[in-house]
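Below is the file my_file-v6.txt, which contains compact mmCIF, C-alpha atoms.
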```txt
# COMPACT_ATOMS: atom_id res chain seq x y z
CA MET P 1107 0.00 0.00 0.00
CA SER P 1108 2.93 2.38 0.51
CA PHE P 1109 3.13 4.89 -2.30
CA CYS P 1110 6.28 6.50 -1.17
CA SER P 1111 9.36 5.21 0.55
CA PHE P 1112 12.72 6.70 1.26
CA SER P 1113 15.49 6.33 3.77
CA ARG P 1114 16.17 9.04 6.30
CA GLU P 1115 19.93 8.77 6.17
CA ALA P 1116 22.35 7.27 3.72
CA GLY P 1117 22.63 3.60 4.51
CA ALA P 1118 19.66 3.56 6.86
CA PRO P 1119 17.03 0.87 6.21
CA GLU P 1120 14.16 2.00 4.02
CA THR P 1121 11.08 3.03 5.94
CA PRO P 1122 7.89 2.64 3.98
CA ILE P 1123 5.63 5.62 4.57
CA GLN P 1124 1.95 4.82 4.64
CA PRO P 1125 -0.26 7.29 2.78
CA ALA P 1126 -1.98 8.37 5.98
CA TYR P 1127 1.32 9.22 7.63
CA THR P 1128 3.05 10.99 4.80
CA TRP P 1129 1.67 14.41 5.58
CA ALA P 1130 2.51 14.05 9.24
CA TYR P 1131 6.03 13.10 8.31
CA LEU P 1132 6.40 16.03 6.00
CA GLY P 1133 5.03 18.34 8.65
CA SER P 1134 7.70 17.24 11.07
CA SER P 1135 10.03 20.03 12.14
CA SER P 1136 13.19 18.00 11.67
CA LEU P 1137 13.20 16.22 8.40
CA GLY P 1138 15.81 14.23 6.67
CA PRO P 1139 17.84 15.26 3.66
CA HIS P 1140 15.11 14.05 1.29
CA HIS P 1141 12.57 16.52 2.58
CA ASP P 1142 12.57 18.92 -0.37
CA ALA P 1143 12.89 16.15 -2.93
CA VAL P 1144 9.85 14.39 -1.54
CA ARG P 1145 7.84 17.58 -1.39
CA GLN P 1146 8.67 18.28 -5.00
CA ALA P 1147 7.94 14.72 -6.05
CA LEU P 1148 4.54 14.82 -4.40
CA ASN P 1149 3.88 18.37 -5.51
CA ILE P 1150 2.98 19.51 -2.02
CA HIS P 1151 2.14 23.14 -1.46
CA PRO P 1152 4.17 24.44 1.49
CA LEU P 1153 1.09 25.97 3.09
CA LEU P 1154 -0.65 22.64 3.24
CA ALA P 1155 1.96 21.08 5.49
CA PRO P 1156 2.11 20.58 8.38
CA TRP P 1157 -1.15 18.74 8.58
CA VAL P 1158 -1.29 15.75 10.82
CA PRO P 1159 -4.35 13.67 10.03
CA ALA P 1160 -6.14 11.80 12.77
CA LEU P 1161 -5.49 8.09 12.66
CA GLY P 1162 -8.48 5.88 12.09
CA GLU P 1163 -9.99 4.34 15.20
CA GLU P 1164 -9.07 0.87 13.99
CA GLU P 1165 -5.46 1.79 13.36
CA ARG P 1166 -5.19 3.55 16.70
CA LEU P 1167 -6.61 0.55 18.54
CA ARG P 1168 -4.28 -1.81 16.73
CA LYS P 1169 -1.32 0.31 17.75
CA ARG P 1170 -2.48 0.46 21.35
CA LEU P 1171 -2.85 -3.31 21.41
CA GLN P 1172 0.64 -3.71 19.99
CA ALA P 1173 1.95 -1.31 22.63
CA ALA P 1174 0.18 -3.33 25.33
CA ILE P 1175 1.77 -6.52 24.00
CA ASP P 1176 5.17 -4.81 24.07
CA ALA P 1177 4.49 -3.61 27.59
CA PHE P 1178 3.59 -7.10 28.77
CA LYS P 1179 6.88 -8.38 27.44
CA ASP P 1180 8.72 -6.18 29.92
CA GLU P 1181 9.84 -7.72 33.17
CA ARG P 1182 8.60 -4.75 35.18
CA ILE P 1183 4.93 -5.47 34.49
CA ARG P 1184 5.35 -9.22 34.48
CA TRP P 1185 7.04 -9.13 37.86
CA PHE P 1186 4.24 -7.08 39.39
CA ILE P 1187 1.53 -9.28 37.97
CA GLY P 1188 3.39 -12.46 38.86
CA ARG P 1189 3.98 -11.36 42.44
CA SER P 1190 0.69 -9.57 42.93
CA ARG P 1191 -1.14 -12.49 44.53
CA ALA P 1192 1.71 -13.28 46.87
CA LEU P 1193 2.01 -9.62 47.84
CA VAL P 1194 -1.72 -9.30 48.46
CA ASP P 1195 -1.86 -12.59 50.39
CA SER P 1196 1.05 -11.51 52.56
CA GLY P 1197 -0.92 -8.43 53.63
CA LEU P 1198 1.84 -6.06 52.51
CA ILE P 1199 -0.53 -4.34 50.15
CA GLY P 1200 -4.28 -4.35 49.65
CA LEU P 1201 -5.90 -5.63 46.47
CA ASP P 1202 -7.22 -2.18 45.57
CA LYS P 1203 -3.83 -0.56 46.04
CA MET P 1204 -2.24 -3.32 43.97
CA ASP P 1205 -4.79 -2.73 41.22
CA GLN P 1206 -4.00 0.97 41.23
CA LEU P 1207 -0.29 0.29 41.12
CA VAL P 1208 -0.50 -2.13 38.21
CA ARG P 1209 -2.85 0.12 36.27
CA TYR P 1210 -0.56 3.09 36.84
CA LEU P 1211 2.44 1.13 35.64
CA MET P 1212 0.55 -0.37 32.72
CA ARG P 1213 -0.67 3.00 31.51
CA ASP P 1214 2.86 4.43 31.60
CA GLU P 1215 4.31 1.45 29.80
CA ILE P 1216 1.67 1.38 27.08
CA GLU P 1217 2.13 5.08 26.41
CA ARG P 1218 5.92 4.81 26.29
CA HIS P 1219 5.74 1.88 23.90
CA LEU P 1220 3.31 3.82 21.72
CA ILE P 1221 5.82 6.66 21.55
CA LEU P 1222 8.72 4.32 20.79
CA ARG P 1223 6.78 2.61 18.00
CA GLU P 1224 5.84 5.96 16.47
CA LEU P 1225 9.44 7.12 16.54
CA GLU P 1226 10.55 3.90 14.95
CA GLU P 1227 7.92 4.11 12.23
CA ASN P 1228 8.17 7.80 11.41
CA GLY P 1229 11.59 8.98 12.48
CA PRO P 1230 12.03 12.23 14.41
CA LEU P 1231 8.79 13.73 15.70
CA THR P 1232 7.94 16.59 18.02
CA ALA P 1233 5.95 16.18 21.21
CA PRO P 1234 2.72 17.66 19.72
CA GLU P 1235 3.03 15.34 16.72
CA LEU P 1236 3.52 12.37 19.01
CA SER P 1237 0.55 13.43 21.08
CA GLU P 1238 -1.58 13.71 17.96
CA ARG P 1239 -0.52 10.36 16.62
CA THR P 1240 -0.70 8.39 19.84
CA GLY P 1241 -3.75 10.03 21.37
CA VAL P 1242 -1.79 10.58 24.60
CA GLU P 1243 -2.12 13.96 26.33
CA LEU P 1244 0.65 16.38 25.43
CA ASP P 1245 1.81 16.82 29.04
CA ARG P 1246 2.19 13.10 29.45
CA VAL P 1247 4.04 12.78 26.14
CA ARG P 1248 6.48 15.48 27.24
CA GLU P 1249 6.96 13.73 30.56
CA HIS P 1250 7.60 10.35 28.93
CA LEU P 1251 10.05 11.94 26.50
CA ASN P 1252 11.89 13.60 29.40
CA VAL P 1253 12.20 10.27 31.18
CA MET P 1254 13.26 8.43 28.05
CA CYS P 1255 15.87 11.12 27.33
CA VAL P 1256 17.27 10.74 30.84
CA VAL P 1257 17.67 6.98 30.46
CA GLY P 1258 19.12 7.42 26.98
CA GLU P 1259 16.45 5.72 24.90
CA VAL P 1260 15.47 8.87 23.03
CA LEU P 1261 17.54 11.77 21.73
CA ARG P 1262 16.42 15.39 21.70
CA GLN P 1263 17.19 17.32 18.52
CA GLY P 1264 17.00 21.02 17.81
CA SER P 1265 17.42 23.81 20.29
CA GLU P 1266 15.04 26.40 18.84
CA GLY P 1267 11.31 26.11 18.96
CA GLU P 1268 9.77 22.71 19.43
CA PRO P 1269 12.50 20.07 19.69
CA SER P 1270 12.06 16.80 17.91
CA PHE P 1271 12.89 13.39 19.30
CA SER P 1272 14.34 10.28 17.76
CA LEU P 1273 15.37 6.84 18.92
CA ALA P 1274 18.88 6.59 20.32
CA ALA P 1275 19.31 3.01 19.06
CA PRO P 1276 17.37 0.49 16.99
CA LEU P 1277 14.09 -0.30 18.71
CA ARG P 1278 14.95 -3.98 19.07
CA GLU P 1279 17.98 -3.09 21.18
CA ILE P 1280 16.00 -0.64 23.29
CA MET P 1281 13.31 -3.26 23.89
CA GLU P 1282 15.85 -5.84 25.00
CA GLU P 1283 17.32 -3.40 27.48
CA ARG P 1284 13.89 -2.38 28.74
CA ARG P 1285 12.95 -6.00 29.37
CA ILE P 1286 15.58 -6.36 32.06
CA CYS P 1287 16.15 -2.86 33.34
CA PRO P 1288 13.64 -1.12 35.61
CA CYS P 1289 15.62 2.14 35.81
CA GLU P 1290 13.12 3.95 33.65
CA THR P 1291 10.37 3.35 36.19
CA VAL P 1292 12.64 4.68 38.94
CA VAL P 1293 13.53 7.74 36.88
CA ALA P 1294 9.84 8.35 36.18
CA LEU P 1295 9.06 8.22 39.89
CA LEU P 1296 11.88 10.62 40.76
CA HIS P 1297 10.79 12.85 37.92
CA ARG P 1298 7.22 12.96 39.15
CA LEU P 1299 7.68 12.95 42.88
CA LEU P 1300 10.87 14.94 43.36
CA GLY P 1301 10.73 17.09 40.26
CA LEU P 1302 14.12 15.97 39.01
CA TRP P 1303 15.04 16.55 35.35
CA GLY P 1304 12.48 19.28 34.96
CA GLY P 1305 9.57 17.22 36.23
CA GLY P 1306 7.15 17.83 39.01
CA SER P 1307 3.98 16.63 40.59
CA SER P 1308 1.56 16.54 37.68
CA GLY P 1309 -1.43 15.69 39.78
CA GLN P 1310 -1.49 12.09 38.69
CA GLU P 1311 -2.92 9.28 40.68
CA GLY P 1312 -0.75 6.65 42.24
CA MET M 1158 -27.11 -3.60 7.32
CA ALA M 1159 -27.59 -7.13 6.07
CA LYS M 1160 -23.93 -7.75 6.76
CA LYS M 1161 -24.37 -6.60 10.35
CA ASP M 1162 -27.22 -9.04 10.92
CA LYS M 1163 -25.03 -11.89 9.84
CA PHE M 1164 -22.35 -11.09 12.37
CA GLU M 1165 -20.95 -14.29 13.77
CA PRO M 1166 -18.38 -13.65 16.46
CA LEU M 1167 -15.00 -15.26 16.42
CA ILE M 1168 -14.20 -16.47 19.91
CA VAL M 1169 -10.91 -17.95 21.05
CA ALA M 1170 -11.15 -20.21 24.11
CA PHE M 1171 -8.10 -21.32 26.06
CA CYS M 1172 -9.07 -24.49 27.91
CA CYS M 1173 -6.96 -26.24 30.50
CA ASN M 1174 -6.12 -29.83 29.69
CA TRP M 1175 -7.33 -31.39 32.93
CA CYS M 1176 -10.76 -29.86 33.50
CA SER M 1177 -12.17 -27.48 30.89
CA TYR M 1178 -10.91 -29.29 27.84
CA ALA M 1179 -12.31 -32.51 29.25
CA GLY M 1180 -15.54 -30.60 29.93
CA ALA M 1181 -15.62 -29.47 26.29
CA ASP M 1182 -14.94 -33.04 25.24
CA LEU M 1183 -17.79 -34.26 27.41
CA ALA M 1184 -20.11 -31.66 25.88
CA GLY M 1185 -19.18 -33.05 22.47
CA THR M 1186 -19.48 -36.73 23.30
CA SER M 1187 -22.75 -36.10 25.14
CA ARG M 1188 -24.01 -34.19 22.10
CA PHE M 1189 -24.82 -30.98 23.90
CA GLU M 1190 -25.15 -28.34 21.24
CA TYR M 1191 -23.29 -25.08 21.43
CA PRO M 1192 -22.42 -22.40 18.87
CA THR M 1193 -19.59 -23.09 16.47
CA ASN M 1194 -18.11 -19.64 16.97
CA VAL M 1195 -15.56 -20.85 19.42
CA ARG M 1196 -12.05 -22.01 18.52
CA ILE M 1197 -10.60 -24.03 21.36
CA ILE M 1198 -6.92 -23.97 22.18
CA ARG M 1199 -5.80 -26.59 24.67
CA VAL M 1200 -3.22 -25.51 27.23
CA MET M 1201 -1.84 -27.61 30.05
CA CYS M 1202 -3.06 -25.15 32.68
CA SER M 1203 -4.98 -21.88 32.67
CA GLY M 1204 -1.92 -20.49 34.45
CA ARG M 1205 0.03 -21.13 31.26
CA VAL M 1206 -1.93 -18.46 29.44
CA ASP M 1207 0.23 -15.39 29.12
CA PRO M 1208 -1.60 -12.04 28.87
CA ILE M 1209 0.24 -11.64 25.56
CA PHE M 1210 -1.72 -14.62 24.13
CA VAL M 1211 -4.98 -12.87 24.89
CA LEU M 1212 -3.88 -9.47 23.57
CA GLU M 1213 -2.45 -11.08 20.45
CA ALA M 1214 -5.74 -12.88 19.83
CA PHE M 1215 -7.55 -9.55 19.98
CA ARG M 1216 -4.96 -7.90 17.77
CA LEU M 1217 -5.44 -10.61 15.18
CA GLY M 1218 -9.17 -10.00 15.13
CA ALA M 1219 -10.83 -12.17 17.79
CA ASP M 1220 -14.14 -10.72 18.95
CA GLY M 1221 -13.91 -12.41 22.31
CA VAL M 1222 -11.49 -14.48 24.33
CA LEU M 1223 -12.50 -17.03 26.91
CA LEU M 1224 -10.13 -18.51 29.45
CA THR M 1225 -11.37 -21.57 31.29
CA GLY M 1226 -9.68 -23.52 34.05
CA CYS M 1227 -10.29 -25.89 36.94
CA HIS M 1228 -12.36 -24.72 39.88
CA PRO M 1229 -10.26 -23.13 42.65
CA GLY M 1230 -8.72 -25.92 44.70
CA ASP M 1231 -8.92 -28.43 41.86
CA CYS M 1232 -5.95 -27.26 39.80
CA HIS M 1233 -3.72 -30.10 38.68
CA TYR M 1234 -0.74 -27.83 39.37
CA ILE M 1235 -2.14 -26.65 42.71
CA ASP M 1236 -2.53 -22.91 42.08
CA GLY M 1237 -2.18 -22.30 38.34
CA ASN M 1238 -5.82 -21.26 38.12
CA LEU M 1239 -5.38 -18.74 40.93
CA LYS M 1240 -2.46 -17.21 39.06
CA ALA M 1241 -4.68 -17.06 35.99
CA GLU M 1242 -7.35 -15.32 38.05
CA MET M 1243 -4.97 -12.53 39.02
CA ARG M 1244 -3.72 -12.20 35.47
CA ALA M 1245 -7.27 -12.05 34.15
CA ARG M 1246 -7.91 -9.12 36.45
CA TYR M 1247 -5.07 -7.18 34.84
CA ILE M 1248 -5.91 -8.31 31.34
CA ARG M 1249 -9.32 -6.70 31.80
CA ALA M 1250 -7.67 -3.55 33.11
CA CYS M 1251 -5.36 -3.56 30.12
CA LEU M 1252 -8.23 -3.96 27.66
CA GLU M 1253 -9.95 -1.01 29.30
CA GLU M 1254 -6.77 1.04 28.99
CA VAL M 1255 -6.36 0.09 25.36
CA GLY M 1256 -9.96 0.92 24.50
CA LEU M 1257 -11.60 -2.49 24.11
CA GLU M 1258 -14.61 -3.55 26.16
CA PRO M 1259 -13.34 -5.68 29.05
CA GLU M 1260 -16.46 -7.86 28.67
CA ARG M 1261 -14.86 -9.34 25.58
CA PHE M 1262 -12.57 -11.29 27.84
CA ARG M 1263 -13.81 -13.71 30.46
CA LEU M 1264 -12.36 -16.22 32.89
CA GLU M 1265 -14.57 -19.14 33.94
CA TRP M 1266 -14.14 -22.35 35.88
CA VAL M 1267 -15.37 -25.53 34.20
CA SER M 1268 -14.66 -29.00 35.56
CA ALA M 1269 -14.30 -32.21 33.56
CA SER M 1270 -17.80 -33.30 34.53
CA GLU M 1271 -19.48 -30.05 33.50
CA GLY M 1272 -20.23 -30.68 29.85
CA VAL M 1273 -23.60 -28.96 30.11
CA ARG M 1274 -22.06 -26.00 31.85
CA PHE M 1275 -19.44 -25.68 29.12
CA ALA M 1276 -22.10 -25.70 26.41
CA GLU M 1277 -24.19 -23.14 28.32
CA LEU M 1278 -21.15 -20.95 28.90
CA ILE M 1279 -20.29 -20.89 25.20
CA LYS M 1280 -23.90 -20.07 24.29
CA GLU M 1281 -24.06 -17.28 26.82
CA PHE M 1282 -20.65 -15.82 25.94
CA THR M 1283 -21.47 -15.92 22.23
CA GLU M 1284 -24.66 -13.98 22.93
CA THR M 1285 -22.71 -11.43 24.97
CA ILE M 1286 -20.25 -10.90 22.14
CA LYS M 1287 -23.05 -10.64 19.61
CA ARG M 1288 -24.59 -7.92 21.77
CA LEU M 1289 -21.27 -6.08 21.91
CA GLY M 1290 -20.87 -6.37 18.15
CA PRO M 1291 -17.74 -7.10 16.16
CA SER M 1292 -14.35 -6.16 17.53
CA PRO M 1293 -13.47 -2.59 16.50
CA LEU M 1294 -10.63 -4.17 14.54
CA ARG M 1295 -13.11 -6.12 12.40
CA ARG M 1296 -15.96 -3.65 12.21
CA ARG M 1297 -15.20 -2.69 8.63
CA GLU M 1298 -15.57 -6.33 7.57
CA HIS M 1299 -19.04 -6.29 9.05
CA GLY M 1300 -20.23 -3.15 7.37
CA GLY M 1301 -19.56 -0.81 10.30
CA GLU M 1302 -18.25 2.67 9.83
```
Written as structure tokens, how would this file's structure read?
Amino acid sequence: MSFCSFSREAGAPETPIQPAYTWAYLGSSSLGPHHDAVRQALNIHPLLAPWVPALGEEERLRKRLQAAIDAFKDERIRWFIGRSRALVDSGLIGLDKMDQLVRYLMRDEIERHLILRELEENGPLTAPELSERTGVELDRVREHLNVMCVVGEVLRQGSEGEPSFSLAAPLREIMEERRICPCETVVALLHRLLGLWGGGSSGQEG
Amino acid sequence: MAKKDKFEPLIVAFCCNWCSYAGADLAGTSRFEYPTNVRIIRVMCSGRVDPIFVLEAFRLGADGVLLTGCHPGDCHYIDGNLKAEMRARYIRACLEEVGLEPERFRLEWVSASEGVRFAELIKEFTETIKRLGPSPLRRREHGGE
């Protein structure tokens, strides 16, 4: 179905661009060296971009499910779910509190995986673009990006205006690291509770 | 509209080898009728069912997923079904988070002697899924918007 495909950098693997995403990609603030060539090839009027179309409900749901599958592959959620009964039975934590904790963690993980998948699929994107494409609130996207920058999964690009973000390594490598390393969860907690790395209490539950 | 009326849900059922699968077998050998919408996958224990299996089934277009195991206390592996119970709780939470109706997933206990119960369960779950309509991932196939 892809009607246009090009690589972002010389030697980088080709990334097929789906028709629905092409405009979003071209509207991105940090584009690859093929930006002008693609615009010319597609005869795009500069005033028309950036225009980020809403994803179809079906596509959005499919992506969220994929993100949930990715999240469940991580040890951090699996550990909680695996130990949840033992923890509740031991009286250390109530069932309701455990539910809240797992939901809180699950939500974070699903959203982060959504962001990672979008960055893998589309290359560098800004926080508003990510928010638009993932359906996650802008504040939360910014927070996740901050955390992922701190742990080195995502790189910030551009100093003026809205910075764009890209993956620091191939997604497969990032996923493997995430599966065994809970540091991101710790960073997120410090970010939210203590306001480190520009974070602060964002009034979230948990 | 005609397409919508013909909606036949696709249900994936994970049945544990020792109780539910034997219950399904009994329903068959006893000739209890139940809808053909269900595709049974035999697993050695309901505790073997990873949440990823359920999410993957939904991603691939299942309208509903049923997980059946031994009654609490009857598990062949002592507490596999209790582990499944906890997981099911979070699978439902995950479905809610993702945007699918949690009613599309259900955990039930069926013993080897409960052929009738198995048939009734499948009938009832099929009706529930029919009421909910096709999975949002398959709505287009069924003439939805």
Check: which chain M residues lie within 7 Å of chain P using only C-alpha atoms, as a tab-separated table (two decimals) with C-alpha atoms, in the frame of the given file:
```tsv
chain	number	residue	atom	x	y	z
M	1209	ILE	CA	0.24	-11.64	25.56
M	1212	LEU	CA	-3.88	-9.47	23.57
M	1216	ARG	CA	-4.96	-7.90	17.77
M	1243	MET	CA	-4.97	-12.53	39.02
M	1244	ARG	CA	-3.72	-12.20	35.47
M	1250	ALA	CA	-7.67	-3.55	33.11
M	1254	GLU	CA	-6.77	1.04	28.99
M	1255	VAL	CA	-6.36	0.09	25.36
M	1256	GLY	CA	-9.96	0.92	24.50
M	1293	PRO	CA	-13.47	-2.59	16.50
M	1294	LEU	CA	-10.63	-4.17	14.54
```
Query - Distance in Å - CA of Gly1229 in chain P versus CA of Pro1269 in chain P - result: 13.3 Å
Query raised in the report: Which neighbours of range 1238-1241 of chain M fall inside 7 Å, counting all atoms listed in the file, when residues of the same chain fewer than 5 positions from it are skipped, and could you give them as an MDAnalysis selection string?
Result: chainID M and resid 1203:1204 1226:1227 1229 1232
Please list as a CSV table (one decimal) with C-alpha atoms, keeping the file's coordinate frame every residue within 10 Å of Ile1197 in chain M, counting all atoms listed in the file and excluding residues in the same chain fewer than 2 positions away.
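around-v4.csv, freshly written:
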```csv
chain,number,residue,atom,x,y,z
M,1168,ILE,CA,-14.2,-16.5,19.9
M,1169,VAL,CA,-10.9,-18.0,21.0
M,1170,ALA,CA,-11.2,-20.2,24.1
M,1171,PHE,CA,-8.1,-21.3,26.1
M,1172,CYS,CA,-9.1,-24.5,27.9
M,1178,TYR,CA,-10.9,-29.3,27.8
M,1181,ALA,CA,-15.6,-29.5,26.3
M,1194,ASN,CA,-18.1,-19.6,17.0
M,1195,VAL,CA,-15.6,-20.8,19.4
M,1199,ARG,CA,-5.8,-26.6,24.7
M,1200,VAL,CA,-3.2,-25.5,27.2
M,1223,LEU,CA,-12.5,-17.0,26.9
M,1224,LEU,CA,-10.1,-18.5,29.4
```
Report task. Might you pull out every residue within 9 Å of Val1247 in chain P, with only C-alpha atoms counted and same-chain residues fewer than 2 positions away left off, and present them as a list of chain:residue names? Result -> P:Glu1217, P:Arg1218, P:Ile1221, P:Ala1233, P:Pro1234, P:Leu1236, P:Ser1237, P:Val1242, P:Glu1243, P:Leu1244, P:Asp1245, P:Glu1249, P:His1250, P:Leu1251, P:Asn1252
Requested in this report: Measuring atom to atom with all atoms listed in the file, identify which of P:Arg1246, P:Leu1277, P:Val1260, P:Leu1207 is nearest to Ile1183 in chain P.
Outcome: P:Leu1207
Requested in this report: Just give me the gap between CA of Glu1271 in chain M and CA of Lys1287 in chain M in Å, one decimal is fine.
Outcome: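 Atom-to-atom, CA of Glu1271 in chain M to CA of Lys1287 in chain M, that is 24.1 Å.
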Requested in this report: Between CA of Leu1231 in chain P and CA of Ile1280 in chain P, measure the distance and give it in Å to one decimal.
Outcome: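 Answer for the CA of Leu1231 in chain P to CA of Ile1280 in chain P separation: 17.8 Å.
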Query - Pick from M:Arg1274, M:Glu1190, M:Phe1215, M:Cys1173 nearest to Cys1251 in chain M, counting only C-alpha atoms - result: M:Phe1215
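Proximity to Ala1214 in chain M was assessed for M:Ser1270, M:Thr1193, M:Ser1292, M:Thr1285 counting only C-alpha atoms; the smallest distance is recorded for M:Ser1292.
The closest residue to Arg1205 in chain M, picked from M:Glu1253, M:Asp1236, M:Glu1258, M:Glu1165 and counting all atoms listed in the file, is M:Asp1236.
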Requested in this report: Write out as an NGL selection string which residues come within 7 Å of Pro1291 in chain M when counting all atoms listed in the file, dropping same-chain ones fewer than 2 positions away.
Outcome: :M and (1166 or 1220 or 1289 or 1293 or 1295-1296)
Write to file, as a PDB file, in the coordinates of the input, the residues of the selection just made, with C-alpha atoms.
```
ATOM      1  CA  PRO M1166     -18.380 -13.650  16.460  1.00  0.00           C
ATOM      2  CA  ASP M1220     -14.140 -10.720  18.950  1.00  0.00           C
ATOM      3  CA  LEU M1289     -21.270  -6.080  21.910  1.00  0.00           C
ATOM      4  CA  PRO M1293     -13.470  -2.590  16.500  1.00  0.00           C
ATOM      5  CA  ARG M1295     -13.110  -6.120  12.400  1.00  0.00           C
ATOM      6  CA  ARG M1296     -15.960  -3.650  12.210  1.00  0.00           C
TER       7      ARG M1296
END
```
Requested in this report: Just the residues within 12 Å of Leu1278 in chain M, please, counting only C-alpha atoms, with nothing from its chain fewer than 2 positions along; format it as number ranges by chain.
Outcome: M: 1170, 1177, 1180-1181, 1184, 1189-1192, 1195, 1223-1225, 1263-1267, 1271-1276, 1280-1285
Print the selection's residues with C-alpha atoms to a file, as a PDB file, keeping the file's coordinate frame.
```pdb
ATOM      1  CA  ALA M1170     -11.150 -20.210  24.110  1.00  0.00           C
ATOM      2  CA  SER M1177     -12.170 -27.480  30.890  1.00  0.00           C
ATOM      3  CA  GLY M1180     -15.540 -30.600  29.930  1.00  0.00           C
ATOM      4  CA  ALA M1181     -15.620 -29.470  26.290  1.00  0.00           C
ATOM      5  CA  ALA M1184     -20.110 -31.660  25.880  1.00  0.00           C
ATOM      6  CA  PHE M1189     -24.820 -30.980  23.900  1.00  0.00           C
ATOM      7  CA  GLU M1190     -25.150 -28.340  21.240  1.00  0.00           C
ATOM      8  CA  TYR M1191     -23.290 -25.080  21.430  1.00  0.00           C
ATOM      9  CA  PRO M1192     -22.420 -22.400  18.870  1.00  0.00           C
ATOM     10  CA  VAL M1195     -15.560 -20.850  19.420  1.00  0.00           C
ATOM     11  CA  LEU M1223     -12.500 -17.030  26.910  1.00  0.00           C
ATOM     12  CA  LEU M1224     -10.130 -18.510  29.450  1.00  0.00           C
ATOM     13  CA  THR M1225     -11.370 -21.570  31.290  1.00  0.00           C
ATOM     14  CA  ARG M1263     -13.810 -13.710  30.460  1.00  0.00           C
ATOM     15  CA  LEU M1264     -12.360 -16.220  32.890  1.00  0.00           C
ATOM     16  CA  GLU M1265     -14.570 -19.140  33.940  1.00  0.00           C
ATOM     17  CA  TRP M1266     -14.140 -22.350  35.880  1.00  0.00           C
ATOM     18  CA  VAL M1267     -15.370 -25.530  34.200  1.00  0.00           C
ATOM     19  CA  GLU M1271     -19.480 -30.050  33.500  1.00  0.00           C
ATOM     20  CA  GLY M1272     -20.230 -30.680  29.850  1.00  0.00           C
ATOM     21  CA  VAL M1273     -23.600 -28.960  30.110  1.00  0.00           C
ATOM     22  CA  ARG M1274     -22.060 -26.000  31.850  1.00  0.00           C
ATOM     23  CA  PHE M1275     -19.440 -25.680  29.120  1.00  0.00           C
ATOM     24  CA  ALA M1276     -22.100 -25.700  26.410  1.00  0.00           C
ATOM     25  CA  LYS M1280     -23.900 -20.070  24.290  1.00  0.00           C
ATOM     26  CA  GLU M1281     -24.060 -17.280  26.820  1.00  0.00           C
ATOM     27  CA  PHE M1282     -20.650 -15.820  25.940  1.00  0.00           C
ATOM     28  CA  THR M1283     -21.470 -15.920  22.230  1.00  0.00           C
ATOM     29  CA  GLU M1284     -24.660 -13.980  22.930  1.00  0.00           C
ATOM     30  CA  THR M1285     -22.710 -11.430  24.970  1.00  0.00           C
TER      31      THR M1285
END
```
